[in-house]
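Asker: Following this line is query17.cif, made up of mmCIF, C-alpha atoms:
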```
data_target
loop_
_atom_site.label_atom_id
_atom_site.label_comp_id
_atom_site.auth_asym_id
_atom_site.auth_seq_id
_atom_site.Cartn_x
_atom_site.Cartn_y
_atom_site.Cartn_z
CA MET Q 26 117.53 68.39 128.29
CA ALA Q 27 116.61 69.92 124.96
CA ARG Q 28 119.07 71.24 122.42
CA GLY Q 29 117.75 73.75 119.91
CA PHE Q 30 117.41 73.34 116.15
CA SER Q 31 120.31 73.63 113.75
CA ARG Q 32 120.38 73.09 110.01
CA LYS Q 33 122.31 70.12 108.64
CA GLY Q 34 122.07 70.39 104.86
CA GLU Q 35 118.34 70.40 104.19
CA ARG Q 36 117.41 68.76 107.50
CA PHE Q 37 116.60 70.65 110.70
CA VAL Q 38 117.65 68.72 113.77
CA ALA Q 39 117.21 69.12 117.51
CA LYS Q 40 117.42 67.06 120.68
CA MET Q 41 114.35 66.70 122.85
CA ASP Q 42 113.60 64.06 125.46
CA ASP Q 43 110.28 62.21 125.45
CA GLY Q 44 108.86 64.32 128.28
CA GLU Q 45 109.59 67.59 126.51
CA ARG Q 46 108.36 66.22 123.20
CA SER Q 47 105.08 65.05 124.70
CA VAL Q 48 104.49 68.46 126.27
CA VAL Q 49 105.02 70.17 122.90
CA VAL Q 50 102.84 67.64 121.04
CA GLY Q 51 100.15 68.03 123.71
CA LEU Q 52 100.09 71.81 123.38
CA LEU Q 53 100.10 71.65 119.56
CA SER Q 54 97.16 69.22 119.71
CA GLN Q 55 95.14 71.29 122.17
CA THR Q 56 95.68 74.35 119.99
CA ARG Q 57 94.59 72.39 116.92
CA ASP Q 58 91.36 71.38 118.66
CA PHE Q 59 90.79 74.99 119.69
CA ILE Q 60 91.29 76.41 116.19
CA ALA Q 61 89.52 73.74 114.14
CA PRO Q 62 86.41 75.26 112.52
CA PRO Q 63 83.01 73.90 113.62
CA GLU Q 64 81.74 70.90 111.70
CA VAL Q 65 79.02 71.75 109.20
CA ALA Q 66 76.47 68.94 109.07
CA GLU Q 67 76.02 67.88 105.46
CA SER Q 68 72.61 68.59 103.99
CA GLY Q 69 73.13 66.33 100.97
CA ASP Q 70 73.17 69.31 98.61
CA PRO Q 71 76.79 70.23 97.81
CA PHE Q 72 75.94 73.84 96.93
CA GLU Q 73 73.99 74.37 100.13
CA ASP Q 74 76.81 72.84 102.16
CA LEU Q 75 79.30 75.14 100.49
CA VAL Q 76 77.21 78.24 101.22
CA ARG Q 77 76.63 77.20 104.82
CA SER Q 78 80.33 76.60 105.32
CA TRP Q 79 80.84 80.30 104.53
CA GLU Q 80 78.55 81.35 107.35
CA VAL Q 81 80.30 82.55 110.43
CA PRO Q 82 78.16 82.43 113.58
CA ASP Q 83 79.03 85.97 114.67
CA ASP Q 84 78.85 89.17 112.67
CA ALA Q 85 81.65 91.69 113.02
CA ALA Q 86 79.90 93.53 115.85
CA SER Q 87 79.65 90.50 118.12
CA ILE Q 88 83.08 89.08 117.32
CA GLY Q 89 84.30 90.51 120.61
CA GLU Q 90 82.07 88.02 122.45
CA ARG Q 91 84.08 85.11 121.11
CA ASP Q 92 87.09 83.73 122.91
CA PRO Q 93 89.73 86.48 122.93
CA ALA Q 94 92.39 83.97 121.91
CA LEU Q 95 90.42 83.21 118.74
CA GLU Q 96 90.06 86.97 118.24
CA ARG Q 97 93.82 87.35 118.30
CA LEU Q 98 94.39 84.47 115.86
CA LEU Q 99 91.75 85.89 113.51
CA PRO Q 100 91.73 89.64 114.15
CA PRO Q 101 89.28 92.01 112.40
CA ALA Q 102 91.03 92.65 109.09
CA ASN Q 103 89.99 96.26 108.62
CA ARG Q 104 90.13 98.53 111.64
CA GLN Q 105 88.41 101.41 109.86
CA ASP Q 106 85.56 99.64 108.11
CA ASP Q 107 83.43 97.09 110.01
CA GLU Q 108 81.64 95.97 106.87
CA ALA Q 109 84.89 95.25 105.06
CA ALA Q 110 86.12 93.35 108.12
CA ALA Q 111 82.91 91.31 108.29
CA GLU Q 112 83.08 90.45 104.61
CA PHE Q 113 86.72 89.43 104.92
CA ARG Q 114 85.84 87.20 107.87
CA ARG Q 115 82.95 85.58 105.98
CA LEU Q 116 85.17 84.78 103.03
CA THR Q 117 88.39 83.74 104.77
CA GLU Q 118 87.80 82.52 108.31
CA ARG Q 119 87.09 78.89 107.56
CA THR Q 120 90.02 78.56 105.14
CA LEU Q 121 92.36 80.29 107.57
CA ARG Q 122 91.36 77.97 110.39
CA GLU Q 123 91.78 74.92 108.15
CA ARG Q 124 95.21 76.08 107.06
CA LYS Q 125 96.30 76.62 110.66
CA VAL Q 126 95.04 73.15 111.53
CA ALA Q 127 97.05 71.69 108.64
CA HIS Q 128 100.28 73.33 109.86
CA LEU Q 129 99.68 72.05 113.39
CA SER Q 130 98.96 68.53 112.08
CA THR Q 131 102.19 68.48 110.05
CA ALA Q 132 104.15 69.62 113.12
CA ILE Q 133 102.49 67.05 115.39
CA SER Q 134 103.17 64.17 112.97
CA ALA Q 135 106.77 65.25 112.52
CA LEU Q 136 107.42 65.33 116.27
CA GLU Q 137 105.61 62.05 116.89
CA GLU Q 138 107.96 60.36 114.42
CA ALA Q 139 111.04 61.37 116.41
CA GLU Q 140 113.06 58.59 117.99
CA GLY Q 141 115.87 58.34 120.51
CA GLY Q 142 115.55 61.91 121.68
CA LYS Q 143 116.46 63.26 118.25
CA VAL Q 144 114.08 65.33 116.10
CA SER Q 145 114.90 65.59 112.39
CA LEU Q 146 112.65 67.64 110.11
CA ASP Q 147 112.62 68.55 106.44
CA ARG Q 148 112.05 72.18 105.43
CA ASP Q 149 108.26 71.86 105.12
CA GLN Q 150 108.00 70.28 108.55
CA ALA Q 151 110.31 72.90 110.09
CA GLN Q 152 108.18 75.68 108.57
CA ALA Q 153 105.01 74.02 109.83
CA LEU Q 154 106.53 73.85 113.31
CA ALA Q 155 107.54 77.53 113.28
CA ILE Q 156 104.07 78.57 112.11
CA GLY Q 157 102.23 76.15 114.44
CA LEU Q 158 104.22 77.25 117.48
CA THR Q 159 103.19 80.85 116.73
CA ASP Q 160 99.53 79.96 117.08
CA VAL Q 161 100.15 77.95 120.27
CA ARG Q 162 102.05 80.87 121.82
CA LEU Q 163 99.36 83.34 120.76
CA VAL Q 164 96.73 81.30 122.62
CA LEU Q 165 98.98 80.82 125.68
CA GLY Q 166 99.92 84.50 125.61
CA GLU Q 167 96.27 85.48 125.68
CA ARG Q 168 95.62 83.13 128.63
CA LEU Q 169 98.62 84.64 130.44
CA GLY Q 170 97.30 88.15 129.86
CA LEU Q 171 100.23 89.31 127.73
CA ARG Q 172 99.21 92.66 126.25
CA THR Q 173 102.43 94.59 125.81
CA ASP Q 174 106.10 93.91 125.14
CA GLU Q 175 106.74 94.82 128.80
CA ASP Q 176 104.31 92.09 129.96
CA ALA Q 177 106.25 89.50 127.96
CA GLU Q 178 109.56 90.64 129.41
CA ALA Q 179 108.17 90.63 132.96
CA LEU Q 180 106.91 87.07 132.46
CA HIS Q 181 110.34 85.89 131.43
CA GLN Q 182 111.96 87.66 134.39
CA ARG Q 183 109.46 86.14 136.77
CA LEU Q 184 110.36 82.64 135.63
CA THR Q 185 114.08 83.17 136.10
CA GLY Q 186 113.59 84.45 139.65
CA VAL Q 187 111.07 81.84 140.74
CA VAL Q 188 109.91 81.76 144.35
CA GLU Q 189 109.94 78.34 146.03
CA GLY Q 190 106.52 76.71 145.97
CA GLU Q 191 105.39 78.84 143.09
CA ALA Q 192 106.16 75.98 140.69
CA ASP Q 193 102.86 74.34 141.71
CA ASP Q 194 100.88 77.33 140.52
CA ASP Q 195 98.95 76.64 137.28
CA SER Q 196 99.86 79.98 135.78
CA TYR Q 197 103.53 79.28 136.54
CA VAL Q 198 103.33 76.03 134.58
CA LEU Q 199 101.65 77.84 131.68
CA ALA Q 200 104.33 80.51 131.80
CA ALA Q 201 107.08 77.88 131.84
CA TYR Q 202 105.56 76.15 128.82
CA TYR Q 203 105.26 79.50 127.04
CA ASP Q 204 108.92 80.25 127.74
CA PHE Q 205 110.04 76.84 126.47
CA LEU Q 206 107.98 77.15 123.28
CA THR Q 207 109.37 80.65 122.72
CA TRP Q 208 112.90 79.24 122.87
CA LEU Q 209 111.92 76.38 120.55
CA GLN Q 210 110.23 78.62 117.99
CA GLU Q 211 113.19 81.00 117.99
CA SER Q 212 115.59 78.15 117.37
CA VAL Q 213 113.65 76.60 114.48
CA THR Q 214 113.11 80.06 112.91
CA LEU Q 215 116.81 80.94 113.08
CA ALA Q 216 117.67 77.51 111.65
CA LEU Q 217 115.27 78.17 108.74
CA MET Q 218 117.00 81.47 108.03
CA SER Q 219 120.50 80.05 108.29
CA MET W 17 84.19 127.15 68.42
CA SER W 18 85.48 127.95 71.82
CA ILE W 19 84.07 126.82 75.19
CA ALA W 20 83.86 129.21 78.13
CA PRO W 21 86.37 128.30 80.91
CA SER W 22 83.75 127.26 83.49
CA GLU W 23 82.11 124.85 81.07
CA GLN W 24 85.51 123.47 80.15
CA GLU W 25 86.29 122.65 83.80
CA GLU W 26 82.96 120.86 84.29
CA VAL W 27 83.64 118.69 81.26
CA ALA W 28 87.16 118.00 82.48
CA GLU W 29 85.88 116.87 85.91
CA VAL W 30 83.42 114.47 84.33
CA ILE W 31 85.93 112.79 82.02
CA ASP W 32 88.95 112.71 84.34
CA PRO W 33 88.70 110.03 87.06
CA GLY W 34 91.13 111.98 89.20
CA ALA W 35 93.17 110.97 92.21
CA ASP W 36 90.11 110.47 94.44
CA SER W 37 88.58 107.78 92.28
CA GLU W 38 87.85 104.53 94.04
CA LEU W 39 89.60 102.71 91.22
CA ASN W 40 92.87 104.57 91.57
CA GLN W 41 93.15 104.85 95.33
CA PRO W 42 95.83 102.52 96.58
CA TRP W 43 95.28 100.25 99.52
CA VAL W 44 97.81 99.08 102.09
CA THR W 45 98.50 96.04 104.24
CA LEU W 46 99.57 96.81 107.80
CA VAL W 47 101.25 94.59 110.37
CA TRP W 48 100.72 95.58 114.01
CA ASN W 49 103.11 95.00 116.92
CA ASP W 50 102.18 92.40 119.48
CA PRO W 51 104.01 91.00 122.52
CA VAL W 52 104.05 87.37 121.36
CA ASN W 53 105.49 87.43 117.87
CA LEU W 54 109.26 87.00 117.74
CA MET W 55 111.33 89.52 115.83
CA SER W 56 113.14 86.66 114.11
CA TYR W 57 109.86 85.06 113.07
CA VAL W 58 108.34 88.28 111.72
CA THR W 59 111.52 88.87 109.69
CA TRP W 60 111.35 85.31 108.36
CA VAL W 61 107.69 85.75 107.34
CA PHE W 62 108.47 88.94 105.39
CA GLN W 63 111.32 87.14 103.60
CA SER W 64 109.29 83.99 102.93
CA TYR W 65 105.99 85.45 101.87
CA PHE W 66 106.99 88.67 100.12
CA GLY W 67 110.42 87.50 98.99
CA TYR W 68 111.94 90.66 100.50
CA PRO W 69 115.71 90.52 101.01
CA ARG W 70 116.86 90.06 104.62
CA ALA W 71 117.77 93.74 105.13
CA LYS W 72 114.37 95.02 103.96
CA ALA W 73 112.52 92.37 105.97
CA GLU W 74 114.46 93.35 109.11
CA LYS W 75 113.82 97.04 108.59
CA LEU W 76 110.07 96.47 108.21
CA MET W 77 110.06 94.27 111.31
CA LEU W 78 111.84 97.00 113.29
CA ASP W 79 109.30 99.55 112.06
CA VAL W 80 106.49 97.33 113.34
CA HIS W 81 108.30 96.87 116.62
CA HIS W 82 109.25 100.50 117.29
CA LYS W 83 106.35 102.36 115.68
CA GLY W 84 103.58 99.98 116.65
CA ARG W 85 102.72 99.15 113.06
CA ALA W 86 104.12 99.37 109.51
CA VAL W 87 102.88 99.27 105.93
CA VAL W 88 104.24 96.05 104.46
CA SER W 89 102.65 96.16 101.01
CA THR W 90 100.59 98.48 98.81
CA GLY W 91 98.33 97.94 95.81
CA THR W 92 94.77 97.08 94.88
CA ARG W 93 92.21 96.19 97.51
CA GLU W 94 92.10 92.63 96.26
CA LYS W 95 95.85 92.18 96.55
CA MET W 96 95.89 93.69 100.05
CA GLU W 97 93.11 91.35 101.20
CA HIS W 98 95.13 88.46 99.80
CA ASP W 99 98.26 89.60 101.65
CA THR W 100 96.28 90.14 104.87
CA GLU W 101 94.87 86.64 104.70
CA ALA W 102 98.29 85.13 104.08
CA LEU W 103 99.93 87.07 106.93
CA GLN W 104 97.13 86.14 109.35
CA GLY W 105 97.83 82.56 108.30
CA TYR W 106 101.36 83.02 109.64
CA GLY W 107 99.94 84.38 112.91
CA LEU W 108 100.78 88.01 112.29
CA TRP W 109 98.34 90.73 113.30
CA ALA W 110 97.66 91.98 109.79
CA THR W 111 94.97 94.33 108.50
CA PHE W 112 94.22 96.19 105.27
CA GLN W 113 92.83 99.68 104.66
CA LYS W 114 92.77 102.56 102.20
CA ASP W 115 96.05 104.42 101.94
CA GLU W 116 95.82 107.85 103.54
#
```
Would you write the structure of this file as structure tokens?

Answerer:
Amino acid sequence: MARGFSRKGERFVAKMDDGERSVVVGLLSQTRDFIAPPEVAESGDPFEDLVRSWEVPDDAASIGERDPALERLLPPANRQDDEAAAEFRRLTERTLRERKVAHLSTAISALEEAEGGKVSLDRDQAQALAIGLTDVRLVLGERLGLRTDEDAEALHQRLTGVVEGEADDDSYVLAAYYDFLTWLQESVTLALMS
Amino acid sequence: MSIAPSEQEEVAEVIDPGADSELNQPWVTLVWNDPVNLMSYVTWVFQSYFGYPRAKAEKLMLDVHHKGRAVVSTGTREKMEHDTEALQGYGLWATFQKDE
């Protein structure tokens, strides 16, 4: 059974059994695969490759046709000016996705190193975990249809008053994972601020 | 020699950029409320990225939470785009726009 993060000097430690750890690593990895920007086949010309890496398949108008979870991770940056939002996306999307992937990779490596049910992170790893878990929960939240603060509260309530047999339901499992990750992210964040 | 008042005003308008000038108009970074982001995490981001003290970070977070969104920084367009990118990196729902 997991015990949340606490700060011990400049280390951030928690207890997590192998089953829990593998669930968290699995979700971090799936999210990393989801966020990773598309590969740009190299043309052999470094300048051309650089320019092509700036191209985003969708313009601002068709962004809504992309996966809504990706939309939420990379929302239009200017709600009043579509052109400004499109330009921002062109210039920043790839870098943003790469940075998110880097945080998730740091978190995954850190958790994979854990032994004997004990997780011990340095500050960079703890920060990467807090940031990475945000992106995982944003994707899960989108899949669970969380739109308002009330939705999130109702989800939590539903889990605590579970009906027998409901535990087999896919959306229940997703909700249970979401709840666990919420607890985990809260604990590492509070430890970082302590 | 003197200049008639109306001519004076025209000259003044030409040479004075004024408050409506594109160059002078401040821009803002906004963070929008969403059901996934934790209050603790949003507070931590404001402390970490902006270097705001805990009390100011908490107040801004509560503004986001209760009002639906809050202005978290102001300045040039370039700076606001930079802040927006950084905050999106943390998973916050951040946007930039002209200050009204």

Asker: With the file shown as input, list the residues that the PyMOL selection byres ((chain W) within 7 of (chain Q)) selects, as a PyMOL selection string.

Answerer: chain W and resi 50-52+56-57+60+104-107+109-113

Asker: Starting from the displayed file, determine the output of the PyMOL selection byres ((chain Q and resi 135-151) around 12) and express the residue list as an MDAnalysis selection string.

Answerer: chainID Q and resid 26:51 53:54 127:134 152:158 209:219

Asker: Quick one: pull the distance between CA of Pro62 in chain Q and CA of Gln63 in chain W, Å, one decimal.

Answerer: 29.0 Å

Asker: Residues near Trp43 in chain W, anyone? I mean within 6 Å using all atoms listed in the file, not counting same-chain ones fewer than 3 positions away, as a ChimeraX atom specification.

Answerer: /W:90-93,113-115

Asker: Could you state the separation of CA of Thr56 in chain Q and CA of Leu116 in chain Q in Å, given to one decimal place?

Answerer: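 One can read the CA of Thr56 in chain Q to CA of Leu116 in chain Q distance as 22.5 Å.
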
Asker: Expand the PyMOL selection byres ((chain W and resi 46) around 7) into the explicit residue set it covers here, and present it as a ChimeraX atom specification.

Answerer: /W:44-45,47-48,85-88,110-112

Asker: Just the number, please: distance in Å from CA of Arg119 in chain Q to CA of Arg91 in chain Q, one decimal.

Answerer: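 Separating CA of Arg119 in chain Q from CA of Arg91 in chain Q is a distance of 15.2 Å.
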
Asker: In file coordinates, which residues lie within 8 Å of (86.5, 77.8, 119.2) using all atoms listed in the file, given as a PDB file with C-alpha atoms, in the frame of the given file?

Answerer:
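Printed below is part_38.pdb as written:
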```pdb
ATOM      1  CA  PHE Q  59      90.790  74.990 119.690  1.00  0.00           C
ATOM      2  CA  ILE Q  60      91.290  76.410 116.190  1.00  0.00           C
ATOM      3  CA  ALA Q  61      89.520  73.740 114.140  1.00  0.00           C
ATOM      4  CA  PRO Q  62      86.410  75.260 112.520  1.00  0.00           C
ATOM      5  CA  PRO Q  63      83.010  73.900 113.620  1.00  0.00           C
ATOM      6  CA  ARG Q  91      84.080  85.110 121.110  1.00  0.00           C
ATOM      7  CA  ASP Q  92      87.090  83.730 122.910  1.00  0.00           C
ATOM      8  CA  LEU Q  95      90.420  83.210 118.740  1.00  0.00           C
TER       9      LEU Q  95
END
```
